[in-house]
$ cat final.txt   # compact mmCIF, C-alpha atoms and all ligand atoms
# COMPACT_ATOMS: atom_id res chain seq x y z
CA MET A 1 9.71 -35.63 -11.11
CA SER A 2 8.37 -33.56 -8.26
CA ALA A 3 10.85 -32.11 -5.79
CA THR A 4 11.19 -33.73 -2.38
CA PRO A 5 11.37 -31.34 0.57
CA SER A 6 15.09 -31.94 0.99
CA SER A 7 16.01 -31.41 -2.65
CA ARG A 8 13.83 -28.34 -2.67
CA ASN A 9 15.87 -26.83 0.13
CA ARG A 10 19.08 -27.31 -1.72
CA PRO A 11 19.93 -24.11 -3.58
CA VAL A 12 19.59 -24.61 -7.31
CA ALA A 13 21.92 -22.31 -9.17
CA PHE A 14 20.58 -19.47 -11.20
CA ASP A 15 20.81 -19.96 -14.91
CA HIS A 16 20.99 -16.88 -17.13
CA ALA A 17 19.57 -18.73 -20.12
CA SER A 18 16.42 -19.84 -18.29
CA VAL A 19 15.59 -16.68 -16.42
CA ILE A 20 13.03 -15.56 -18.97
CA LEU A 21 11.03 -18.72 -18.16
CA ALA A 22 10.85 -17.85 -14.47
CA PRO A 23 7.51 -16.23 -13.62
CA LYS A 24 8.19 -12.70 -12.42
CA VAL A 25 6.10 -10.14 -10.58
CA LEU A 26 6.82 -6.45 -10.97
CA LEU A 27 5.42 -3.90 -8.52
CA HIS A 28 7.55 -0.86 -9.27
CA ASP A 29 7.94 0.20 -12.90
CA HIS A 30 7.26 3.66 -14.37
CA LEU A 31 5.38 3.82 -17.66
CA ASP A 32 7.31 6.94 -18.68
CA GLY A 33 10.58 5.24 -17.74
CA GLY A 34 10.10 2.18 -19.90
CA LEU A 35 9.59 3.31 -23.49
CA ARG A 36 11.38 1.60 -26.34
CA PRO A 37 13.98 4.04 -27.72
CA GLN A 38 12.57 3.47 -31.21
CA THR A 39 9.13 4.49 -29.97
CA VAL A 40 10.49 7.68 -28.40
CA LEU A 41 11.97 8.60 -31.79
CA GLU A 42 8.79 7.79 -33.72
CA LEU A 43 6.48 9.59 -31.33
CA ALA A 44 8.76 12.64 -31.34
CA ARG A 45 8.69 12.69 -35.13
CA GLU A 46 4.90 12.35 -35.21
CA SER A 47 4.30 15.10 -32.68
CA GLY A 48 6.99 17.48 -33.93
CA TYR A 49 8.97 17.33 -30.68
CA ASP A 50 12.45 18.38 -31.76
CA GLU A 51 14.39 18.45 -28.51
CA LEU A 52 15.51 14.83 -28.30
CA PRO A 53 19.20 14.58 -27.47
CA ALA A 54 19.88 12.00 -30.24
CA ASP A 55 18.24 10.97 -33.48
CA ASP A 56 19.08 7.28 -33.72
CA VAL A 57 18.02 4.34 -31.56
CA GLU A 58 21.44 3.47 -30.24
CA GLY A 59 22.45 7.03 -29.51
CA LEU A 60 19.20 7.73 -27.72
CA ALA A 61 19.36 4.55 -25.64
CA ARG A 62 22.91 5.43 -24.64
CA TRP A 63 21.95 8.99 -23.79
CA PHE A 64 19.22 7.88 -21.40
CA ARG A 65 21.45 5.34 -19.71
CA GLU A 66 24.40 7.66 -19.34
CA SER A 67 22.43 10.71 -18.26
CA ALA A 68 20.57 8.67 -15.67
CA ASP A 69 23.92 7.49 -14.30
CA SER A 70 24.40 10.77 -12.51
CA GLY A 71 24.41 9.66 -8.89
CA SER A 72 21.70 12.25 -8.22
CA LEU A 73 17.97 11.60 -8.17
CA VAL A 74 17.22 15.14 -9.30
CA ARG A 75 19.40 14.80 -12.41
CA TYR A 76 18.13 11.30 -13.04
CA LEU A 77 14.60 12.68 -13.09
CA GLU A 78 15.51 15.34 -15.67
CA THR A 79 15.70 12.65 -18.33
CA PHE A 80 11.93 12.13 -18.05
CA THR A 81 11.32 15.47 -19.74
CA HIS A 82 11.80 13.75 -23.10
CA THR A 83 9.63 10.71 -22.50
CA VAL A 84 6.82 12.72 -20.96
CA ALA A 85 6.99 15.16 -23.89
CA VAL A 86 6.11 12.45 -26.40
CA MET A 87 3.29 10.98 -24.27
CA GLN A 88 0.71 13.75 -24.60
CA THR A 89 -1.98 12.25 -26.83
CA ALA A 90 -4.32 9.31 -26.34
CA PRO A 91 -2.82 7.26 -29.21
CA ALA A 92 0.72 7.87 -27.92
CA LEU A 93 -0.24 6.84 -24.37
CA ARG A 94 -2.06 3.79 -25.67
CA ARG A 95 0.90 2.73 -27.76
CA VAL A 96 3.41 3.15 -24.94
CA ALA A 97 1.17 1.22 -22.52
CA GLY A 98 0.59 -1.56 -25.05
CA GLU A 99 4.28 -1.97 -25.76
CA CYS A 100 5.01 -1.93 -22.05
CA ALA A 101 2.67 -4.88 -21.46
CA GLU A 102 4.13 -6.76 -24.43
CA ASP A 103 7.75 -6.15 -23.41
CA LEU A 104 7.14 -7.27 -19.83
CA ALA A 105 5.27 -10.38 -20.95
CA ALA A 106 8.10 -11.28 -23.35
CA ASP A 107 10.46 -11.06 -20.36
CA GLY A 108 8.35 -13.54 -18.37
CA VAL A 109 6.56 -11.06 -16.14
CA VAL A 110 3.19 -12.57 -15.23
CA TYR A 111 1.82 -9.75 -13.10
CA ALA A 112 2.78 -6.06 -13.17
CA GLU A 113 1.66 -2.84 -11.56
CA ILE A 114 2.75 0.02 -13.79
CA ARG A 115 2.74 3.58 -12.47
CA PHE A 116 2.79 7.00 -14.05
CA ALA A 117 1.71 10.53 -13.18
CA PRO A 118 -1.42 11.52 -15.15
CA GLU A 119 -0.91 15.19 -14.24
CA GLN A 120 2.20 15.22 -16.48
CA HIS A 121 0.22 14.30 -19.60
CA LEU A 122 -2.18 17.21 -19.91
CA THR A 123 -0.24 19.66 -22.06
CA ASP A 124 -2.09 18.82 -25.30
CA GLY A 125 -5.50 19.12 -23.71
CA LEU A 126 -6.32 15.64 -22.43
CA SER A 127 -8.21 15.43 -19.14
CA LEU A 128 -6.94 13.29 -16.25
CA ASP A 129 -9.66 10.74 -16.99
CA GLU A 130 -8.82 10.59 -20.70
CA VAL A 131 -5.15 10.03 -19.88
CA VAL A 132 -5.93 7.11 -17.59
CA GLU A 133 -8.46 5.64 -20.03
CA ALA A 134 -5.89 5.66 -22.85
CA VAL A 135 -3.27 3.95 -20.71
CA LEU A 136 -5.70 1.29 -19.49
CA GLU A 137 -6.80 0.59 -23.06
CA GLY A 138 -3.15 0.17 -24.03
CA PHE A 139 -2.58 -2.32 -21.22
CA VAL A 140 -5.56 -4.37 -22.33
CA GLU A 141 -4.40 -4.38 -25.96
CA GLY A 142 -0.82 -5.26 -24.99
CA ALA A 143 -1.92 -8.06 -22.68
CA GLU A 144 -4.17 -9.47 -25.42
CA ALA A 145 -1.31 -9.43 -27.91
CA ALA A 146 0.97 -11.12 -25.37
CA ALA A 147 -1.59 -13.81 -24.56
CA ALA A 148 -2.00 -14.49 -28.28
CA VAL A 149 1.68 -15.44 -28.48
CA GLY A 150 1.53 -17.62 -25.38
CA LYS A 151 2.82 -15.07 -22.87
CA PRO A 152 -0.10 -14.22 -20.60
CA ILE A 153 0.33 -11.25 -18.30
CA GLU A 154 -1.94 -9.33 -15.95
CA VAL A 155 -1.26 -5.62 -15.92
CA ARG A 156 -2.67 -3.14 -13.43
CA CYS A 157 -2.06 0.55 -12.99
CA LEU A 158 -0.99 2.79 -10.11
CA VAL A 159 -1.54 6.51 -10.48
CA THR A 160 1.23 8.69 -9.13
CA ALA A 161 1.12 12.27 -7.89
CA MET A 162 4.27 14.39 -8.18
CA ARG A 163 5.48 15.26 -4.71
CA HIS A 164 6.65 18.80 -5.61
CA ALA A 165 3.18 19.63 -7.02
CA ALA A 166 -0.15 20.13 -5.28
CA ARG A 167 -2.49 17.73 -7.06
CA SER A 168 -2.15 14.67 -4.89
CA ARG A 169 -5.69 14.76 -3.49
CA GLU A 170 -7.09 15.01 -7.02
CA ILE A 171 -4.93 12.08 -8.15
CA ALA A 172 -6.03 10.00 -5.18
CA GLU A 173 -9.62 10.67 -6.21
CA LEU A 174 -8.72 9.60 -9.74
CA ALA A 175 -7.32 6.33 -8.37
CA VAL A 176 -10.52 5.60 -6.49
CA ARG A 177 -12.69 6.61 -9.47
CA PHE A 178 -10.90 4.04 -11.65
CA ARG A 179 -10.52 1.35 -9.00
CA ASP A 180 -12.78 -1.13 -10.78
CA ARG A 181 -11.29 -0.47 -14.18
CA GLY A 182 -7.64 -1.41 -13.66
CA VAL A 183 -6.20 1.19 -11.30
CA VAL A 184 -5.29 -0.62 -8.10
CA GLY A 185 -3.46 2.03 -6.11
CA PHE A 186 -1.79 5.38 -5.65
CA ASP A 187 1.81 6.60 -5.22
CA ILE A 188 3.87 9.76 -4.89
CA ALA A 189 7.13 10.22 -6.78
CA GLY A 190 9.63 12.87 -7.80
CA ALA A 191 12.43 14.60 -5.90
CA GLU A 192 12.37 13.37 -2.32
CA ALA A 193 14.59 15.78 -0.40
CA GLY A 194 12.56 18.84 0.60
CA HIS A 195 9.26 17.19 -0.33
CA PRO A 196 8.20 15.09 2.65
CA PRO A 197 5.28 12.71 2.17
CA SER A 198 3.35 14.30 5.04
CA ARG A 199 2.68 17.28 2.73
CA HIS A 200 0.24 14.98 0.96
CA LEU A 201 -1.59 13.73 4.03
CA ASP A 202 -5.03 14.60 2.73
CA ALA A 203 -4.48 12.38 -0.32
CA PHE A 204 -3.41 9.46 1.86
CA GLU A 205 -6.30 10.04 4.23
CA TYR A 206 -8.66 9.97 1.28
CA MET A 207 -7.21 6.65 0.13
CA ARG A 208 -7.46 5.15 3.61
CA ALA A 209 -11.02 6.40 4.03
CA ASN A 210 -11.85 4.55 0.82
CA ASN A 211 -10.04 1.36 1.81
CA ALA A 212 -7.73 1.87 -1.15
CA PRO A 213 -4.02 1.00 -0.95
CA PHE A 214 -0.99 3.15 -1.74
CA THR A 215 2.77 3.06 -1.88
CA ILE A 216 5.18 5.94 -1.34
CA HIS A 217 8.65 6.50 -2.83
CA ALA A 218 10.63 6.82 0.40
CA GLY A 219 14.12 6.18 1.65
CA GLU A 220 15.72 6.59 -1.76
CA ALA A 221 17.33 10.04 -1.93
CA PHE A 222 16.49 10.92 1.64
CA GLY A 223 16.91 8.85 4.74
CA LEU A 224 15.03 7.42 7.64
CA PRO A 225 12.76 10.42 8.40
CA SER A 226 11.15 9.95 5.00
CA ILE A 227 10.45 6.28 5.70
CA HIS A 228 9.18 7.07 9.16
CA GLU A 229 6.74 9.67 7.81
CA ALA A 230 5.61 7.41 4.98
CA ILE A 231 4.64 4.54 7.24
CA SER A 232 3.80 6.18 10.54
CA PHE A 233 2.09 9.44 9.51
CA CYS A 234 0.85 8.53 6.05
CA GLY A 235 0.14 4.81 6.47
CA ALA A 236 1.86 3.56 3.32
CA ASP A 237 1.08 -0.06 2.45
CA ARG A 238 4.41 -0.45 0.66
CA LEU A 239 7.65 1.52 0.31
CA GLY A 240 9.11 2.51 -3.04
CA HIS A 241 12.81 1.56 -2.64
CA GLY A 242 13.04 1.96 1.15
CA VAL A 243 16.75 1.07 0.93
CA ARG A 244 17.64 3.56 3.63
CA VAL A 245 15.87 1.48 6.22
CA MET A 246 19.44 0.16 6.53
CA ASP A 247 20.30 3.41 8.35
CA ASP A 248 18.28 1.98 11.24
CA ILE A 249 20.09 -1.35 11.34
CA GLU A 250 23.40 -1.97 13.05
CA LEU A 251 25.41 -4.94 11.92
CA PRO A 252 28.25 -6.54 13.86
CA SER A 253 31.59 -5.42 12.47
CA GLY A 254 32.82 -7.76 9.79
CA THR A 255 29.37 -8.42 8.34
CA GLY A 256 29.57 -8.19 4.55
CA ALA A 257 26.84 -7.08 2.15
CA ALA A 258 26.95 -10.50 0.47
CA ASP A 259 26.97 -12.72 3.57
CA ARG A 260 24.66 -15.73 3.38
CA VAL A 261 23.95 -15.63 7.08
CA VAL A 262 23.46 -12.38 8.93
CA THR A 263 23.45 -12.71 12.72
CA GLY A 264 23.54 -10.27 15.57
CA ALA A 265 21.88 -7.38 13.73
CA SER A 266 20.36 -4.71 15.93
CA LEU A 267 17.23 -3.06 14.54
CA GLY A 268 15.92 0.37 15.54
CA ARG A 269 12.24 1.16 15.93
CA VAL A 270 11.56 2.06 12.32
CA ALA A 271 13.36 -0.97 10.91
CA ASN A 272 11.59 -3.24 13.37
CA TYR A 273 8.23 -1.75 12.48
CA VAL A 274 8.83 -2.25 8.75
CA ARG A 275 9.81 -5.87 9.32
CA ASP A 276 7.18 -6.65 11.96
CA LYS A 277 4.38 -5.29 9.80
CA ARG A 278 5.76 -7.07 6.73
CA ILE A 279 5.83 -3.76 4.84
CA PRO A 280 7.03 -4.63 1.33
CA LEU A 281 10.18 -2.96 0.04
CA GLU A 282 10.02 -2.31 -3.70
CA MET A 283 13.75 -2.42 -4.37
CA CYS A 284 15.25 -1.51 -7.73
CA PRO A 285 18.94 -2.46 -7.68
CA SER A 286 20.20 -0.82 -10.89
CA SER A 287 18.18 2.35 -10.41
CA ASN A 288 19.39 2.65 -6.82
CA VAL A 289 22.99 2.74 -8.03
CA GLN A 290 22.23 5.28 -10.76
CA THR A 291 20.53 7.72 -8.39
CA GLY A 292 23.23 7.28 -5.75
CA ALA A 293 20.84 5.70 -3.23
CA VAL A 294 23.50 3.00 -2.90
CA ALA A 295 27.17 3.14 -3.90
CA SER A 296 27.22 -0.08 -5.94
CA ILE A 297 25.35 -3.33 -6.44
CA ALA A 298 27.98 -5.02 -4.27
CA GLU A 299 27.00 -2.72 -1.40
CA HIS A 300 23.26 -2.87 -2.02
CA PRO A 301 21.40 -3.70 1.20
CA PHE A 302 19.06 -6.03 -0.69
CA ASN A 303 20.87 -9.14 0.48
CA VAL A 304 21.18 -8.16 4.13
CA LEU A 305 17.52 -7.17 4.22
CA ALA A 306 16.54 -10.43 2.53
CA ARG A 307 18.61 -12.46 5.01
CA LEU A 308 17.00 -10.54 7.88
CA ARG A 309 13.65 -11.60 6.40
CA PHE A 310 12.33 -8.21 5.41
CA ARG A 311 9.71 -8.50 2.70
CA VAL A 312 12.01 -7.64 -0.20
CA THR A 313 10.88 -7.52 -3.82
CA VAL A 314 12.87 -7.07 -7.04
CA ASN A 315 11.86 -4.33 -9.48
CA THR A 316 13.05 -2.43 -12.53
CA ASP A 317 11.93 1.16 -11.78
CA ASN A 318 12.83 2.56 -15.21
CA ARG A 319 13.78 0.06 -17.88
CA LEU A 320 14.81 2.72 -20.41
CA MET A 321 16.98 4.79 -18.06
CA SER A 322 18.62 1.73 -16.51
CA ASP A 323 18.71 -0.29 -19.73
CA THR A 324 17.26 -3.15 -17.73
CA THR A 325 14.57 -5.83 -17.51
CA MET A 326 13.35 -8.02 -14.66
CA SER A 327 15.55 -10.81 -16.02
CA LYS A 328 18.58 -8.53 -15.93
CA GLU A 329 17.83 -7.44 -12.36
CA PHE A 330 17.55 -11.10 -11.32
CA GLY A 331 20.86 -11.75 -13.08
CA VAL A 332 22.62 -8.88 -11.35
CA LEU A 333 21.44 -10.09 -7.93
CA ALA A 334 22.31 -13.72 -8.68
CA ASP A 335 25.83 -12.77 -9.77
CA GLN A 336 26.39 -10.58 -6.76
CA PHE A 337 24.77 -12.59 -4.00
CA GLY A 338 24.73 -16.15 -5.31
CA TYR A 339 20.98 -16.62 -5.34
CA GLY A 340 19.33 -19.70 -6.80
CA TRP A 341 15.81 -20.36 -8.06
CA ALA A 342 14.39 -20.99 -4.60
CA ASP A 343 15.50 -17.48 -3.60
CA PHE A 344 13.89 -15.91 -6.66
CA GLU A 345 10.73 -17.88 -6.02
CA ARG A 346 10.64 -16.40 -2.51
CA PHE A 347 11.16 -12.84 -3.79
CA THR A 348 8.45 -13.41 -6.41
CA VAL A 349 5.99 -14.79 -3.90
CA ASN A 350 6.85 -11.83 -1.65
CA ALA A 351 5.92 -9.50 -4.51
CA MET A 352 2.72 -11.33 -5.35
CA LYS A 353 1.63 -11.28 -1.70
CA SER A 354 2.26 -7.54 -1.70
CA ALA A 355 0.29 -6.72 -4.86
CA PHE A 356 -2.67 -4.37 -4.61
CA ILE A 357 -5.17 -6.78 -6.19
CA HIS A 358 -7.46 -8.79 -3.93
CA PHE A 359 -6.23 -11.69 -1.83
CA ASP A 360 -7.95 -14.42 -3.82
CA GLU A 361 -6.45 -13.13 -7.06
CA ARG A 362 -2.96 -13.03 -5.54
CA LEU A 363 -3.36 -16.55 -4.23
CA ARG A 364 -4.47 -17.83 -7.59
CA LEU A 365 -1.37 -16.46 -9.31
CA ILE A 366 0.89 -17.88 -6.59
CA ASP A 367 -0.67 -21.35 -6.73
CA GLU A 368 -1.39 -21.65 -10.43
CA VAL A 369 1.40 -19.69 -12.07
CA ILE A 370 4.34 -18.87 -9.80
CA LYS A 371 4.79 -22.12 -7.87
CA PRO A 372 4.36 -24.40 -10.89
CA GLY A 373 6.76 -22.17 -12.88
CA TYR A 374 9.51 -22.37 -10.30
CA ALA A 375 8.89 -26.10 -9.70
CA VAL A 376 9.98 -26.68 -13.30
CA LEU A 377 13.19 -24.69 -12.76
CA ILE A 378 13.98 -26.13 -9.34
CA GLY A 379 13.37 -29.65 -10.68
O1 LIG B 1 13.12 6.34 -8.69
C1 LIG B 1 12.35 7.31 -8.74
N1 LIG B 1 12.21 8.11 -7.66
C2 LIG B 1 11.37 9.17 -7.65
N2 LIG B 1 10.65 9.52 -8.71
C3 LIG B 1 10.76 8.78 -9.82
C4 LIG B 1 11.59 7.67 -9.90
N3 LIG B 1 11.50 7.16 -11.13
C5 LIG B 1 10.63 7.93 -11.80
N4 LIG B 1 10.18 8.91 -11.02
C6 LIG B 1 9.25 9.98 -11.36
O2 LIG B 1 7.95 9.44 -11.44
C7 LIG B 1 7.26 10.08 -12.50
C8 LIG B 1 6.02 9.32 -12.88
O3 LIG B 1 6.29 8.08 -13.40
C9 LIG B 1 8.33 10.22 -13.55
O4 LIG B 1 8.00 11.21 -14.52
C10 LIG B 1 9.54 10.61 -12.72
O5 LIG B 1 9.57 12.02 -12.55
ZN ZN B 2 10.26 4.75 -8.90

$ encode --input "final.txt" --output "structure tokens"
Amino acid sequence: MSATPSSRNRPVAFDHASVILAPKVLLHDHLDGGLRPQTVLELARESGYDELPADDVEGLARWFRESADSGSLVRYLETFTHTVAVMQTAPALRRVAGECAEDLAADGVVYAEIRFAPEQHLTDGLSLDEVVEAVLEGFVEGAEAAAAVGKPIEVRCLVTAMRHAARSREIAELAVRFRDRGVVGFDIAGAEAGHPPSRHLDAFEYMRANNAPFTIHAGEAFGLPSIHEAISFCGADRLGHGVRVMDDIELPSGTGAADRVVTGASLGRVANYVRDKRIPLEMCPSSNVQTGAVASIAEHPFNVLARLRFRVTVNTDNRLMSDTTMSKEFGVLADQFGYGWADFERFTVNAMKSAFIHFDERLRLIDEVIKPGYAVLIG
């Protein structure tokens, strides 16, 4: 039976058992933050990397989760040394990318943009182009395997430049060079404090001159000035995390992080600009707690921003470090803020509208995959 407008407006409770069936869209997920622990062990063995902190699957999974739980972005990022170390050959990159696509598809992700920093994968002699080619091949193989078991997924790539390094212009050129082969955008990541996005202006200018979109990790470990630079000086199309946009919003006393209605909020210029321009916020609840960007899920600004009608999206960031999936992130938000399927449909449509593929492709996924998928759940 199709939903009438009134029944559709009624919140339909979230159901942990069905969440895998819900079509999900993932805009912020790091390739080198999403390896299977087993794969890390096998690739380390194959390549002779002997510095892993554990030699069994469970111990290694625990190590990543616990080490990432540091409350500091800088220490969180140290854990990537081990994943990057085992991703230095074309077969290793292809395998990791293939498994990434398969794992996301199995979790009900229908569209994903996966990012990684090609400049970190050159130590065994690959060129930037070879690195990207291997990853794109892996995505194609993984998506084919997923489709063969009835779990179709579209996977695209974002190439990231490390903000402490000086290769961003080169990486932006790489993004544009591969734009018709699966790379749909550019990003900068890494330690935020002390590395303002405006240091990479020439890379962003190059992207804009080529009509090519980009996102910037901003407002995670550093506050409002980082967000202001990212959107106003650099022209970011989306914000990675962006949680600290809350620093520019005043709420009436007594407003709680889980309130269903938020009234009387006063927005500063940056917050207004982000909302007016519908700049998407790629929020990653579990990761944000681990890096100390927010104190707890209960205090995460996701809900307040959603109620204030910012364009919020739900993301995983690093599935290995956070021991998470899109389904788990949905579950965490549902438990904390009482969301139902109609809310998750809205967040998913938000994400699909914000993807870096072309408008007609976004629309097709919204109309043919996302809406029909949620209609089944909403009933
Ligand atoms: O949440 C984050 N904030 C900033 N940088 C990150 C985050 N997660 C991962 N990376 C960084 O991005 C690189 C490329 O994927 C990773 O190696 C890691 O250093
Ligand atoms: Zn990230």

$ closest_atom_pairs --input "final.txt" --of "chain A" --to "ligand LIG 1 (chain B)" --cutoff "9 Å" --atoms "only C-alpha atoms and all ligand atoms" --output "Markdown table"
| residue | atom | partner | partner_atom | distance |
| --- | --- | --- | --- | --- |
| A:Asp29 | CA | B:LIG1 | N3 | 8.0 |
| A:His30 | CA | B:LIG1 | O3 | 4.6 |
| A:Leu31 | CA | B:LIG1 | O3 | 6.1 |
| A:Asp32 | CA | B:LIG1 | O3 | 5.5 |
| A:Gly33 | CA | B:LIG1 | C5 | 6.5 |
| A:Leu73 | CA | B:LIG1 | N1 | 6.8 |
| A:Val74 | CA | B:LIG1 | C2 | 8.5 |
| A:Tyr76 | CA | B:LIG1 | N3 | 8.0 |
| A:Leu77 | CA | B:LIG1 | O5 | 5.1 |
| A:Glu78 | CA | B:LIG1 | O5 | 7.5 |
| A:Thr79 | CA | B:LIG1 | O5 | 8.4 |
| A:Phe80 | CA | B:LIG1 | O4 | 5.4 |
| A:Thr81 | CA | B:LIG1 | O4 | 7.5 |
| A:Thr83 | CA | B:LIG1 | O4 | 8.2 |
| A:Val84 | CA | B:LIG1 | O4 | 6.7 |
| A:Ile114 | CA | B:LIG1 | O3 | 8.8 |
| A:Arg115 | CA | B:LIG1 | O3 | 5.8 |
| A:Phe116 | CA | B:LIG1 | O3 | 3.7 |
| A:Ala117 | CA | B:LIG1 | C8 | 4.5 |
| A:Pro118 | CA | B:LIG1 | C8 | 8.1 |
| A:Gln120 | CA | B:LIG1 | O4 | 7.3 |
| A:Val159 | CA | B:LIG1 | C8 | 8.4 |
| A:Thr160 | CA | B:LIG1 | C8 | 6.1 |
| A:Ala161 | CA | B:LIG1 | C8 | 7.6 |
| A:Met162 | CA | B:LIG1 | C7 | 6.8 |
| A:Arg163 | CA | B:LIG1 | N2 | 8.7 |
| A:Ile188 | CA | B:LIG1 | O2 | 7.7 |
| A:Ala189 | CA | B:LIG1 | N2 | 4.1 |
| A:Gly190 | CA | B:LIG1 | N2 | 3.6 |
| A:Ala191 | CA | B:LIG1 | C2 | 5.8 |
| A:Glu192 | CA | B:LIG1 | C2 | 6.9 |
| A:His217 | CA | B:LIG1 | C2 | 6.1 |
| A:Ala218 | CA | B:LIG1 | N1 | 8.3 |
| A:Glu220 | CA | B:LIG1 | N1 | 7.0 |
| A:Ala221 | CA | B:LIG1 | N1 | 7.9 |
| A:Gly240 | CA | B:LIG1 | N1 | 7.9 |
| A:His241 | CA | B:LIG1 | O1 | 7.7 |
| A:Cys284 | CA | B:LIG1 | O1 | 8.2 |
| A:Ser287 | CA | B:LIG1 | O1 | 6.7 |
| A:Asn288 | CA | B:LIG1 | O1 | 7.5 |
| A:Thr291 | CA | B:LIG1 | O1 | 7.5 |
| A:Asp317 | CA | B:LIG1 | N3 | 6.1 |
| A:Asn318 | CA | B:LIG1 | N3 | 6.3 |

$ atom_distance --input "final.txt" --atom1 "CA of Pro372 in chain A" --atom2 "CA of Glu345 in chain A"
10.3 Å

$ closest_residue --input "final.txt" --among "A:Phe222, A:Tyr339, A:Phe347, A:Phe186" --to "Val25 in chain A" --atoms "all atoms listed in the file"
A:Phe347

$ residues_around --input "final.txt" --residues "Lys353 in chain A" --least-positions-apart "5" --cutoff "8 Å" --atoms "all atoms listed in the file" --output "tab-separated table (two decimals) with C-alpha atoms, in the frame of the given file"
chain	number	residue	atom	x	y	z
A	359	PHE	CA	-6.23	-11.69	-1.83
A	362	ARG	CA	-2.96	-13.03	-5.54
A	363	LEU	CA	-3.36	-16.55	-4.23

$ atom_distance --input "final.txt" --atom1 "CA of Ser127 in chain A" --atom2 "CA of Ala209 in chain A"
25.0 Å

$ atom_distance --input "final.txt" --atom1 "CA of Tyr206 in chain A" --atom2 "CA of Arg167 in chain A"
13.0 Å

$ residues_around --input "final.txt" --residues "Tyr49 in chain A" --least-positions-apart "3" --cutoff "9 Å" --atoms "only C-alpha atoms" --output "list in words"
Leu43, Ala44, Arg45, Glu46, Leu52, His82, Ala85 and Val86 of chain A

$ closest_residue --input "final.txt" --among "A:Asp360, A:Glu282, A:Glu205, A:Asp248" --to "Leu267 in chain A" --atoms "all atoms listed in the file"
A:Asp248

$ residues_around --input "final.txt" --residues "Glu99 in chain A" --least-positions-apart "5" --cutoff "12 Å" --atoms "all atoms listed in the file" --output "ChimeraX atom specification"
/A:31-32,34-40,92-94,104-106,135,137-146,155

$ closest_residue --input "final.txt" --among "A:Gln336, A:Ser327, A:Thr316, A:Asn272" --to "Asp15 in chain A" --atoms "only C-alpha atoms"
A:Ser327

$ closest_residue --input "final.txt" --among "A:Leu251, A:Ile357, A:Val109, A:Ile216" --to "ligand ZN 2 (chain B)" --atoms "only C-alpha atoms and all ligand atoms"
A:Ile216

$ residues_around --input "final.txt" --residues "Arg275 in chain A" --least-positions-apart "2" --cutoff "8 Å" --atoms "only C-alpha atoms" --output "ChimeraX atom specification"
/A:271-273,277-279,309-311

$ write_last_selection --input "final.txt" --atoms "C-alpha atoms" --output "compact mmCIF listing (two decimals), keeping the file's coordinate frame"
# COMPACT_ATOMS: atom_id res chain seq x y z
CA ALA A 271 13.36 -0.97 10.91
CA ASN A 272 11.59 -3.24 13.37
CA TYR A 273 8.23 -1.75 12.48
CA LYS A 277 4.38 -5.29 9.80
CA ARG A 278 5.76 -7.07 6.73
CA ILE A 279 5.83 -3.76 4.84
CA ARG A 309 13.65 -11.60 6.40
CA PHE A 310 12.33 -8.21 5.41
CA ARG A 311 9.71 -8.50 2.70

$ closest_residue --input "final.txt" --among "A:Asp55, A:Glu329, A:Asp50, A:Asp187" --to "ligand ZN 2 (chain B)" --atoms "only C-alpha atoms and all ligand atoms"
A:Asp187

$ closest_residue --input "final.txt" --among "A:Lys151, A:Arg269, A:Arg346, A:His28" --to "ligand ZN 2 (chain B)" --atoms "all atoms listed in the file"
A:His28

$ residues_around --input "final.txt" --residues "His200 in chain A" --least-positions-apart "4" --cutoff "8 Å" --atoms "all atoms listed in the file" --output "list of chain:residue names"
A:Arg163, A:Ser168, A:Arg169, A:Phe204
